[in-house]
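Participant: Structure file coords.pdb, PDB, C-alpha atoms, pLDDT in the B column, is pasted below:
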```pdb
ATOM      1  CA  MET V   1       0.000   0.000   0.000  1.00 72.00           C
ATOM      2  CA  PHE V   2       2.807   2.409   0.910  1.00 70.00           C
ATOM      3  CA  ARG V   3       4.682   1.656  -2.332  1.00 73.00           C
ATOM      4  CA  GLN V   4       1.585   2.449  -4.379  1.00 73.00           C
ATOM      5  CA  LEU V   5       1.107   5.781  -2.612  1.00 68.00           C
ATOM      6  CA  LEU V   6       4.775   6.621  -3.067  1.00 72.00           C
ATOM      7  CA  GLY V   7       4.610   5.718  -6.748  1.00 75.00           C
ATOM      8  CA  LEU V   8       1.452   7.778  -7.223  1.00 71.00           C
ATOM      9  CA  ARG V   9       3.060  10.735  -5.477  1.00 74.00           C
ATOM     10  CA  LEU V  10       6.138  10.516  -7.702  1.00 70.00           C
ATOM     11  CA  LEU V  11       4.028  10.200 -10.831  1.00 68.00           C
ATOM     12  CA  SER V  12       1.898  13.224  -9.983  1.00 67.00           C
ATOM     13  CA  ARG V  13       4.940  15.317  -9.080  1.00 66.00           C
ATOM     14  CA  ARG V  14       6.709  14.315 -12.272  1.00 57.00           C
ATOM     15  CA  THR V  15       3.788  15.222 -14.536  1.00 55.00           C
ATOM     16  CA  ILE V  16       3.235  18.571 -12.861  1.00 54.00           C
ATOM     17  CA  THR V  17       6.857  19.674 -12.825  1.00 51.00           C
ATOM     18  CA  SER V  18       7.724  18.375 -16.269  1.00 53.00           C
ATOM     19  CA  SER V  19       4.752  19.895 -18.039  1.00 54.00           C
ATOM     20  CA  ALA V  20       5.557  22.430 -20.713  1.00 60.00           C
ATOM     21  CA  ARG V  21       5.013  26.007 -19.704  1.00 65.00           C
ATOM     22  CA  ARG V  22       3.441  28.110 -22.383  1.00 72.00           C
ATOM     23  CA  GLN V  23       3.433  31.846 -22.342  1.00 77.00           C
ATOM     24  CA  ALA V  24       0.000  33.231 -23.042  1.00 79.00           C
ATOM     25  CA  ASP V  25      -0.036  36.533 -24.840  1.00 83.00           C
ATOM     26  CA  ASN V  26      -1.844  39.305 -23.039  1.00 86.00           C
ATOM     27  CA  GLY V  27      -4.785  40.341 -25.194  1.00 87.00           C
ATOM     28  CA  VAL V  28      -6.452  42.626 -22.676  1.00 90.00           C
ATOM     29  CA  LYS V  29      -5.527  45.858 -24.465  1.00 91.00           C
ATOM     30  CA  GLU V  30      -6.989  44.623 -27.756  1.00 90.00           C
ATOM     31  CA  LYS V  31     -10.186  43.468 -26.054  1.00 87.00           C
ATOM     32  CA  GLN V  32     -10.516  46.809 -24.247  1.00 90.00           C
ATOM     33  CA  LYS V  33     -10.124  48.658 -27.534  1.00 91.00           C
ATOM     34  CA  LEU V  34     -12.717  46.399 -29.204  1.00 87.00           C
ATOM     35  CA  PHE V  35     -15.304  46.825 -26.470  1.00 89.00           C
ATOM     36  CA  GLN V  36     -14.791  50.578 -26.006  1.00 91.00           C
ATOM     37  CA  GLU V  37     -15.129  51.651 -29.643  1.00 90.00           C
ATOM     38  CA  ASP V  38     -18.392  53.387 -30.474  1.00 90.00           C
ATOM     39  CA  ASN V  39     -19.951  51.347 -33.277  1.00 88.00           C
ATOM     40  CA  GLY V  40     -23.582  51.387 -32.143  1.00 89.00           C
ATOM     41  CA  LEU V  41     -23.659  47.754 -31.017  1.00 87.00           C
ATOM     42  CA  PRO V  42     -24.804  46.756 -27.535  1.00 89.00           C
ATOM     43  CA  ILE V  43     -22.020  45.482 -25.293  1.00 88.00           C
ATOM     44  CA  HIS V  44     -23.285  41.890 -25.350  1.00 86.00           C
ATOM     45  CA  LEU V  45     -22.908  41.743 -29.148  1.00 87.00           C
ATOM     46  CA  LYS V  46     -19.511  43.380 -29.586  1.00 89.00           C
ATOM     47  CA  GLY V  47     -17.690  40.049 -29.437  1.00 87.00           C
ATOM     48  CA  GLY V  48     -18.777  39.082 -32.947  1.00 88.00           C
ATOM     49  CA  VAL V  49     -20.743  36.232 -34.484  1.00 92.00           C
ATOM     50  CA  LYS V  50     -20.233  33.927 -31.520  1.00 93.00           C
ATOM     51  CA  ASP V  51     -21.825  36.434 -29.155  1.00 91.00           C
ATOM     52  CA  ALA V  52     -24.756  36.961 -31.532  1.00 93.00           C
ATOM     53  CA  LEU V  53     -25.389  33.207 -31.745  1.00 95.00           C
ATOM     54  CA  ILE V  54     -25.217  32.788 -27.986  1.00 95.00           C
ATOM     55  CA  SER V  55     -27.595  35.720 -27.516  1.00 94.00           C
ATOM     56  CA  ARG V  56     -30.128  34.361 -30.028  1.00 95.00           C
ATOM     57  CA  PHE V  57     -29.929  30.851 -28.584  1.00 97.00           C
ATOM     58  CA  THR V  58     -30.499  32.219 -25.074  1.00 97.00           C
ATOM     59  CA  MET V  59     -33.474  34.263 -26.244  1.00 97.00           C
ATOM     60  CA  ALA V  60     -35.019  31.283 -28.048  1.00 98.00           C
ATOM     61  CA  LEU V  61     -34.521  29.073 -25.013  1.00 98.00           C
ATOM     62  CA  THR V  62     -36.137  31.713 -22.793  1.00 98.00           C
ATOM     63  CA  VAL V  63     -39.173  32.064 -25.073  1.00 98.00           C
ATOM     64  CA  PHE V  64     -39.559  28.294 -25.346  1.00 98.00           C
ATOM     65  CA  GLY V  65     -39.213  27.848 -21.579  1.00 98.00           C
ATOM     66  CA  SER V  66     -41.746  30.579 -20.839  1.00 98.00           C
ATOM     67  CA  GLY V  67     -44.240  29.058 -23.263  1.00 98.00           C
ATOM     68  CA  TYR V  68     -43.756  25.633 -21.724  1.00 98.00           C
ATOM     69  CA  VAL V  69     -44.330  27.013 -18.219  1.00 98.00           C
ATOM     70  CA  VAL V  70     -47.574  28.689 -19.339  1.00 98.00           C
ATOM     71  CA  TYR V  71     -48.688  25.429 -20.989  1.00 96.00           C
ATOM     72  CA  GLU V  72     -47.939  23.382 -17.855  1.00 95.00           C
ATOM     73  CA  LEU V  73     -49.720  25.898 -15.628  1.00 96.00           C
ATOM     74  CA  PHE V  74     -52.741  25.798 -17.907  1.00 94.00           C
ATOM     75  CA  THR V  75     -52.864  21.991 -17.916  1.00 92.00           C
ATOM     76  CA  ALA V  76     -52.485  21.926 -14.130  1.00 92.00           C
ATOM     77  CA  ALA V  77     -55.278  24.468 -13.691  1.00 94.00           C
ATOM     78  CA  MET V  78     -57.663  22.608 -15.993  1.00 91.00           C
ATOM     79  CA  PRO V  79     -57.607  18.931 -15.004  1.00 79.00           C
ATOM     80  CA  LYS V  80     -59.065  16.371 -17.403  1.00 81.00           C
ATOM     81  CA  LYS V  81     -62.554  15.166 -16.607  1.00 79.00           C
ATOM     82  CA  ALA V  82     -62.668  11.413 -16.616  1.00 70.00           C
TER      83      ALA V  82
END
```
If you took the structure in this file and wrote it as structure tokens, what would it be?

Facilitator:
Amino acid sequence: MFRQLLGLRLLSRRTITSSARRQADNGVKEKQKLFQEDNGLPIHLKGGVKDALISRFTMALTVFGSGYVVYELFTAAMPKKA
């Protein structure tokens, strides 16, 4: 049992310390410039096509969910007569 724990500890230490370190470029300035320019778009759509798709999907899901809630409330309020 102790050998397995020791081996697991060595394996986890080896993978963490030997992993390649990548430098991520800092894109904050470019994003700030993109979001601060005055182009008439709302802030939630300034990210591009991806933001527009996410916004439309969220709106469609909200409308569908609201309709389904109204339908379920109506069916619960009007029980079937059997």

Participant: What is the distance, in Å and to one decimal place, between atom CA of Ser55 of chain V and atom CA of Lys31 of chain V?

Facilitator: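 A separation of 19.1 Å between them.
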
Participant: For this structure, which residues satisfy the selection - the PyMOL selection byres ((chain V and resi 46) around 12) - when it is evaluated on the file as given? I want them as a PDB file with C-alpha atoms, in the frame of the given file.

Facilitator:
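out_24.pdb, freshly written:
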```pdb
ATOM      1  CA  LYS V  31     -10.186  43.468 -26.054  1.00 87.00           C
ATOM      2  CA  GLN V  32     -10.516  46.809 -24.247  1.00 90.00           C
ATOM      3  CA  LYS V  33     -10.124  48.658 -27.534  1.00 91.00           C
ATOM      4  CA  LEU V  34     -12.717  46.399 -29.204  1.00 87.00           C
ATOM      5  CA  PHE V  35     -15.304  46.825 -26.470  1.00 89.00           C
ATOM      6  CA  GLN V  36     -14.791  50.578 -26.006  1.00 91.00           C
ATOM      7  CA  GLU V  37     -15.129  51.651 -29.643  1.00 90.00           C
ATOM      8  CA  ASP V  38     -18.392  53.387 -30.474  1.00 90.00           C
ATOM      9  CA  ASN V  39     -19.951  51.347 -33.277  1.00 88.00           C
ATOM     10  CA  GLY V  40     -23.582  51.387 -32.143  1.00 89.00           C
ATOM     11  CA  LEU V  41     -23.659  47.754 -31.017  1.00 87.00           C
ATOM     12  CA  PRO V  42     -24.804  46.756 -27.535  1.00 89.00           C
ATOM     13  CA  ILE V  43     -22.020  45.482 -25.293  1.00 88.00           C
ATOM     14  CA  HIS V  44     -23.285  41.890 -25.350  1.00 86.00           C
ATOM     15  CA  LEU V  45     -22.908  41.743 -29.148  1.00 87.00           C
ATOM     16  CA  GLY V  47     -17.690  40.049 -29.437  1.00 87.00           C
ATOM     17  CA  GLY V  48     -18.777  39.082 -32.947  1.00 88.00           C
ATOM     18  CA  VAL V  49     -20.743  36.232 -34.484  1.00 92.00           C
ATOM     19  CA  LYS V  50     -20.233  33.927 -31.520  1.00 93.00           C
ATOM     20  CA  ASP V  51     -21.825  36.434 -29.155  1.00 91.00           C
ATOM     21  CA  ALA V  52     -24.756  36.961 -31.532  1.00 93.00           C
ATOM     22  CA  LEU V  53     -25.389  33.207 -31.745  1.00 95.00           C
ATOM     23  CA  SER V  55     -27.595  35.720 -27.516  1.00 94.00           C
TER      24      SER V  55
END
```

Participant: Grab the atom CA of Thr58 of chain V to atom CA of Glu72 of chain V distance for me, in Å with one decimal place.

Facilitator: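 Separating atom CA of Thr58 of chain V from atom CA of Glu72 of chain V is a distance of 20.8 Å.
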
Participant: For a test of reading the model, state the distance in Å between atom CA of Pro79 of chain V and atom CA of Phe64 of chain V, rounded to one decimal.

Facilitator: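 Interatomic distance, atom CA of Pro79 of chain V to atom CA of Phe64 of chain V: 22.8 Å.
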